[in-house]
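Q: Attaching a single structure in structure tokens format; questions to follow.
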Amino acid sequence: MSLRHAVLGLIVELDGASGYDLMKLFEISLANVWTATQSQVYGELAKLTADGLIEVAAEGPRGRKEYRATDAGRDELRRWLVEEQPRPARRDGVLLKVFFLGQLEPERARAYLRDSAATMGERRDGLAALQQEVTWGDDNLSLYGRLTLEYGRRFFAMRKEWAEWAEAELARHAAPPEDADRA
């Protein structure tokens, strides 16, 4: 996925939006799956305009611009949805650290996994709270937003459960073996 298509998709779904509107919607929807800063979103709006995929539909006070998708922009979004296969994410900072936890004292390694489990639980709970705060409708953004949010909740729940399991595995591994002569 690219920021280009995320911004274009929101403009198509909203049937037009300002950069400010896009940032607010990004914060409560796409930020869970694709992060972007304000400067990145505004930079992408400029590129999409230059490429003829969106256009300025209206200008308001203080230079506020409302953008709408062009036919070429709608075609590009459809092409991207149908023809481009997403590349699986191959970078995971948490797992990279786990791979090298053997370089730490066992308790510090377990503490890292406990902290990771707590963080994943907090993120899961944050999404659950967001789900309660959002006023869901019957529109596409609500339907597909709920699907995406539920994926996030389940993903963080799985990561929390895995970190707890991994910590238990390290604890089991660090425990002295039972004396075979006592058996």
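In the structure tokens, the first chain shown is A, the next is B, and so on; residue numbers restart at 1 for each chain, and ligands run from 1 in the order shown.
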Would you pick out the contacts of segment 145-158 of chain A at 12 Å or less, using only C-alpha atoms, so that residues sharing its chain but fewer than 6 positions from it are not included, and give the list as a CSV table (one decimal) with C-alpha atoms, in the first residue's frame?
A:
chain,number,residue,atom,x,y,z
A,10,LEU,CA,-10.1,8.7,1.2
A,13,GLU,CA,-14.8,7.7,-0.4
A,25,LEU,CA,-10.0,11.0,9.3
A,26,PHE,CA,-6.5,9.5,9.0
A,28,ILE,CA,-9.2,7.8,13.5
A,29,SER,CA,-9.1,5.3,10.7
A,30,LEU,CA,-6.1,4.6,8.5
A,31,ALA,CA,-3.5,5.5,11.2
A,32,ASN,CA,-4.1,2.0,12.6
A,33,VAL,CA,-2.8,0.4,9.4
A,34,TRP,CA,-0.8,3.1,7.6
A,116,SER,CA,5.8,-6.0,24.7
A,117,ALA,CA,2.7,-7.9,26.0
A,118,ALA,CA,1.6,-4.9,28.0
A,119,THR,CA,2.1,-2.6,25.0
A,120,MET,CA,0.1,-4.9,22.7
A,121,GLY,CA,-2.7,-5.0,25.3
A,122,GLU,CA,-2.7,-1.2,25.5
A,123,ARG,CA,-2.9,-0.9,21.8
A,124,ARG,CA,-5.7,-3.5,21.6
A,125,ASP,CA,-7.6,-1.7,24.3
A,126,GLY,CA,-7.1,1.6,22.5
A,127,LEU,CA,-8.7,0.2,19.4
A,128,ALA,CA,-11.6,-1.1,21.5
A,129,ALA,CA,-12.1,2.4,23.0
A,130,LEU,CA,-11.9,3.9,19.5
A,131,GLN,CA,-14.5,1.5,18.3
A,132,GLN,CA,-16.9,2.7,21.0
A,134,VAL,CA,-16.8,6.3,16.6
A,135,THR,CA,-20.3,6.8,15.3
A,136,TRP,CA,-20.7,4.0,12.8
A,137,GLY,CA,-23.0,4.3,9.8
A,138,ASP,CA,-24.0,2.2,6.9
A,139,ASP,CA,-21.5,3.8,4.5
A,164,GLU,CA,3.1,-13.9,27.1
A,165,TRP,CA,3.7,-17.4,25.7
Q: Hey, what's within 10 Å of Gly16 of chain A if we count only C-alpha atoms and toss same-chain stuff fewer than 2 positions away? As a tab-separated table (two decimals) with all heavy atoms, in the first residue's frame, please?
A:
chain	number	residue	atom	x	y	z
A	8	LEU	N	-5.74	9.08	-1.90
A	8	LEU	CA	-6.67	9.03	-3.02
A	8	LEU	C	-7.95	8.30	-2.64
A	8	LEU	O	-9.06	8.75	-2.93
A	8	LEU	CB	-6.00	8.37	-4.23
A	8	LEU	CG	-6.82	8.28	-5.51
A	8	LEU	CD1	-7.25	9.66	-6.00
A	8	LEU	CD2	-6.00	7.56	-6.59
A	10	LEU	N	-9.31	7.92	0.34
A	10	LEU	CA	-10.14	8.72	1.24
A	10	LEU	C	-10.88	9.82	0.48
A	10	LEU	O	-12.06	10.07	0.74
A	10	LEU	CB	-9.29	9.33	2.36
A	10	LEU	CG	-8.86	8.38	3.46
A	10	LEU	CD1	-7.96	9.09	4.46
A	10	LEU	CD2	-10.06	7.77	4.17
A	11	ILE	N	-10.20	10.45	-0.44
A	11	ILE	CA	-10.86	11.51	-1.22
A	11	ILE	C	-12.01	10.94	-2.03
A	11	ILE	O	-13.10	11.52	-2.10
A	11	ILE	CB	-9.84	12.25	-2.12
A	11	ILE	CG1	-8.89	13.08	-1.24
A	11	ILE	CG2	-10.55	13.15	-3.13
A	11	ILE	CD1	-7.71	13.67	-1.98
A	12	VAL	N	-11.81	9.77	-2.62
A	12	VAL	CA	-12.89	9.13	-3.39
A	12	VAL	C	-14.04	8.76	-2.45
A	12	VAL	O	-15.21	9.04	-2.75
A	12	VAL	CB	-12.37	7.88	-4.15
A	12	VAL	CG1	-13.51	7.06	-4.71
A	12	VAL	CG2	-11.43	8.31	-5.27
A	13	GLU	N	-13.74	8.13	-1.33
A	13	GLU	CA	-14.78	7.71	-0.39
A	13	GLU	C	-15.58	8.89	0.15
A	13	GLU	O	-16.79	8.81	0.32
A	13	GLU	CB	-14.19	6.93	0.78
A	13	GLU	CG	-13.86	5.50	0.46
A	13	GLU	CD	-15.08	4.64	0.18
A	13	GLU	OE1	-16.20	4.98	0.59
A	13	GLU	OE2	-14.89	3.59	-0.45
A	14	LEU	N	-14.89	9.99	0.44
A	14	LEU	CA	-15.55	11.16	1.02
A	14	LEU	C	-16.20	12.03	-0.05
A	14	LEU	O	-16.91	12.96	0.28
A	14	LEU	CB	-14.54	12.00	1.80
A	14	LEU	CG	-13.94	11.33	3.03
A	14	LEU	CD1	-12.80	12.17	3.58
A	14	LEU	CD2	-15.02	11.12	4.08
A	18	SER	N	-10.77	18.34	2.39
A	18	SER	CA	-9.61	19.22	2.54
A	18	SER	C	-8.48	18.42	3.17
A	18	SER	O	-8.70	17.32	3.70
A	18	SER	CB	-9.97	20.41	3.44
A	18	SER	OG	-10.18	19.96	4.76
A	21	ASP	N	-9.41	17.81	6.75
A	21	ASP	CA	-10.38	16.72	6.88
A	21	ASP	C	-9.69	15.36	6.75
A	21	ASP	O	-10.00	14.42	7.49
A	21	ASP	CB	-11.48	16.82	5.81
A	21	ASP	CG	-12.31	18.08	5.92
A	21	ASP	OD1	-12.42	18.63	7.03
A	21	ASP	OD2	-12.85	18.51	4.87
A	22	LEU	N	-8.78	15.26	5.80
A	22	LEU	CA	-8.07	14.01	5.58
A	22	LEU	C	-7.23	13.63	6.79
A	22	LEU	O	-7.21	12.47	7.19
A	22	LEU	CB	-7.19	14.09	4.33
A	22	LEU	CG	-7.93	14.16	3.00
A	22	LEU	CD1	-6.95	14.48	1.88
A	22	LEU	CD2	-8.68	12.87	2.73
A	54	ILE	N	-6.32	14.15	-8.70
A	54	ILE	CA	-7.28	14.94	-7.94
A	54	ILE	C	-7.20	16.37	-8.43
A	54	ILE	O	-6.25	16.74	-9.14
A	54	ILE	CB	-7.03	14.89	-6.40
A	54	ILE	CG1	-5.68	15.50	-6.05
A	54	ILE	CG2	-7.18	13.48	-5.86
A	54	ILE	CD1	-5.42	15.66	-4.55
A	55	GLU	N	-8.20	17.16	-8.07
A	55	GLU	CA	-8.19	18.57	-8.43
A	55	GLU	C	-8.75	19.37	-7.27
A	55	GLU	O	-9.46	18.83	-6.41
A	55	GLU	CB	-9.02	18.81	-9.70
A	55	GLU	CG	-10.48	18.44	-9.55
A	55	GLU	CD	-11.24	18.44	-10.88
A	55	GLU	OE1	-10.61	18.66	-11.91
A	55	GLU	OE2	-12.46	18.24	-10.83
A	56	VAL	N	-8.43	20.67	-7.27
A	56	VAL	CA	-8.98	21.54	-6.25
A	56	VAL	C	-10.42	21.86	-6.65
A	56	VAL	O	-10.66	22.41	-7.72
A	56	VAL	CB	-8.14	22.83	-6.11
A	56	VAL	CG1	-8.79	23.78	-5.12
A	56	VAL	CG2	-6.72	22.49	-5.69
A	57	ALA	N	-11.36	21.48	-5.80
A	57	ALA	CA	-12.78	21.68	-6.09
A	57	ALA	C	-13.25	23.03	-5.57
A	57	ALA	O	-14.15	23.64	-6.15
A	57	ALA	CB	-13.61	20.57	-5.46
A	58	ALA	N	-12.65	23.50	-4.48
A	58	ALA	CA	-13.04	24.78	-3.89
A	58	ALA	C	-11.90	25.30	-3.03
A	58	ALA	O	-11.11	24.52	-2.50
A	58	ALA	CB	-14.30	24.60	-3.05
A	66	GLU	N	-10.30	22.33	-0.91
A	66	GLU	CA	-11.03	21.06	-0.89
A	66	GLU	C	-10.71	20.35	-2.20
A	66	GLU	O	-10.79	20.95	-3.28
A	66	GLU	CB	-12.53	21.28	-0.76
A	66	GLU	CG	-13.25	19.97	-0.73
A	66	GLU	CD	-14.51	19.99	0.12
A	66	GLU	OE1	-14.60	20.79	1.05
A	66	GLU	OE2	-15.37	19.16	-0.17
A	67	TYR	N	-10.34	19.10	-2.08
A	67	TYR	CA	-9.94	18.30	-3.24
A	67	TYR	C	-11.02	17.29	-3.58
A	67	TYR	O	-11.72	16.80	-2.71
A	67	TYR	CB	-8.64	17.55	-2.94
A	67	TYR	CG	-7.48	18.47	-2.65
A	67	TYR	CD1	-7.22	18.89	-1.33
A	67	TYR	CD2	-6.65	18.91	-3.65
A	67	TYR	CE1	-6.16	19.73	-1.06
A	67	TYR	CE2	-5.58	19.75	-3.38
A	67	TYR	CZ	-5.35	20.16	-2.08
A	67	TYR	OH	-4.28	21.00	-1.80
A	68	ARG	N	-11.09	16.96	-4.85
A	68	ARG	CA	-11.97	15.87	-5.29
A	68	ARG	C	-11.21	15.06	-6.33
A	68	ARG	O	-10.31	15.57	-7.00
A	68	ARG	CB	-13.30	16.39	-5.84
A	68	ARG	CG	-13.18	17.07	-7.18
A	68	ARG	CD	-14.55	17.40	-7.76
A	68	ARG	NE	-14.35	18.35	-8.84
A	68	ARG	CZ	-14.96	19.51	-8.94
A	68	ARG	NH1	-15.86	19.87	-8.06
A	68	ARG	NH2	-14.69	20.30	-9.94
A	69	ALA	N	-11.60	13.81	-6.44
A	69	ALA	CA	-10.94	12.91	-7.39
A	69	ALA	C	-11.41	13.21	-8.80
A	69	ALA	O	-12.57	13.53	-9.03
A	69	ALA	CB	-11.25	11.46	-7.04
Q: Got a sec to tell me which of segment 10-178 of chain A DSSP assigns to strand (DSSP E or B), as a list in words?
A: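 Residues meeting the strand (DSSP E or B) criterion: Ala17, Ser18, Ile54, Glu55, Val56, Ala57, Ala58, Glu59, Lys65, Glu66, Tyr67, Arg68 and Ala69 of chain A.
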Q: Store the residues picked out above in a file with N, CA, C and O atoms, as a compact mmCIF listing (two decimals), in the first residue's frame.
A:
# COMPACT_ATOMS: atom_id res chain seq x y z
N ALA A 17 -12.52 16.30 -0.02
CA ALA A 17 -12.10 16.63 1.34
C ALA A 17 -10.94 17.61 1.30
O ALA A 17 -10.19 17.66 0.32
N SER A 18 -10.77 18.34 2.39
CA SER A 18 -9.61 19.22 2.54
C SER A 18 -8.48 18.42 3.17
O SER A 18 -8.70 17.32 3.70
N ILE A 54 -6.32 14.15 -8.70
CA ILE A 54 -7.28 14.94 -7.94
C ILE A 54 -7.20 16.37 -8.43
O ILE A 54 -6.25 16.74 -9.14
N GLU A 55 -8.20 17.16 -8.07
CA GLU A 55 -8.19 18.57 -8.43
C GLU A 55 -8.75 19.37 -7.27
O GLU A 55 -9.46 18.83 -6.41
N VAL A 56 -8.43 20.67 -7.27
CA VAL A 56 -8.98 21.54 -6.25
C VAL A 56 -10.42 21.86 -6.65
O VAL A 56 -10.66 22.41 -7.72
N ALA A 57 -11.36 21.48 -5.80
CA ALA A 57 -12.78 21.68 -6.09
C ALA A 57 -13.25 23.03 -5.57
O ALA A 57 -14.15 23.64 -6.15
N ALA A 58 -12.65 23.50 -4.48
CA ALA A 58 -13.04 24.78 -3.89
C ALA A 58 -11.90 25.30 -3.03
O ALA A 58 -11.11 24.52 -2.50
N GLU A 59 -11.82 26.62 -2.92
CA GLU A 59 -10.84 27.24 -2.03
C GLU A 59 -11.58 28.10 -1.04
O GLU A 59 -12.52 28.81 -1.39
N LYS A 65 -8.08 24.35 0.91
CA LYS A 65 -8.47 23.78 -0.38
C LYS A 65 -9.23 22.49 -0.16
O LYS A 65 -8.86 21.68 0.68
N GLU A 66 -10.30 22.33 -0.91
CA GLU A 66 -11.03 21.06 -0.89
C GLU A 66 -10.71 20.35 -2.20
O GLU A 66 -10.79 20.95 -3.28
N TYR A 67 -10.34 19.10 -2.08
CA TYR A 67 -9.94 18.30 -3.24
C TYR A 67 -11.02 17.29 -3.58
O TYR A 67 -11.72 16.80 -2.71
N ARG A 68 -11.09 16.96 -4.85
CA ARG A 68 -11.97 15.87 -5.29
C ARG A 68 -11.21 15.06 -6.33
O ARG A 68 -10.31 15.57 -7.00
N ALA A 69 -11.60 13.81 -6.44
CA ALA A 69 -10.94 12.91 -7.39
C ALA A 69 -11.41 13.21 -8.80
O ALA A 69 -12.57 13.53 -9.03
Q: Using DSSP assignments from the backbone, pull out every residue in segment 8-114 of chain A that falls under helix (DSSP H, G or I) and give it to me as an NGL selection string.
A: :A and (8-14 or 19-28 or 30-32 or 38-50 or 61-63 or 71-83 or 93-99 or 101-103 or 106-114)
Q: Mind giving me the straight-line distance from atom CA of Val94 of chain A to atom CA of Ala166 of chain A in Å, one decimal?
A: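 Computing it gives 12.3 Å between the two atoms.
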Q: My list of candidates is A:Lys47, A:His173, A:Arg64, A:Arg87. Which is closest to Gly19 of chain A when distances are computed with only C-alpha atoms?
A: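 So, comparing all the options, the nearest one is A:Arg64.
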Q: Between atom CA of Ala36 of chain A and atom CA of Gly73 of chain A, measure the distance and give it in Å to one decimal.
A: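 Separation between atom CA of Ala36 of chain A and atom CA of Gly73 of chain A: 20.2 Å.
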Q: Residues near Glu44 of chain A, anyone? I mean within 8 Å using only C-alpha atoms, not counting same-chain ones fewer than 2 positions away, as a list in words.
A: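 So, after excluding close chain neighbours, the residues are Leu3, Arg4, Val7, Gln40, Val41, Tyr42, Ala46, Lys47 and Leu48 of chain A.
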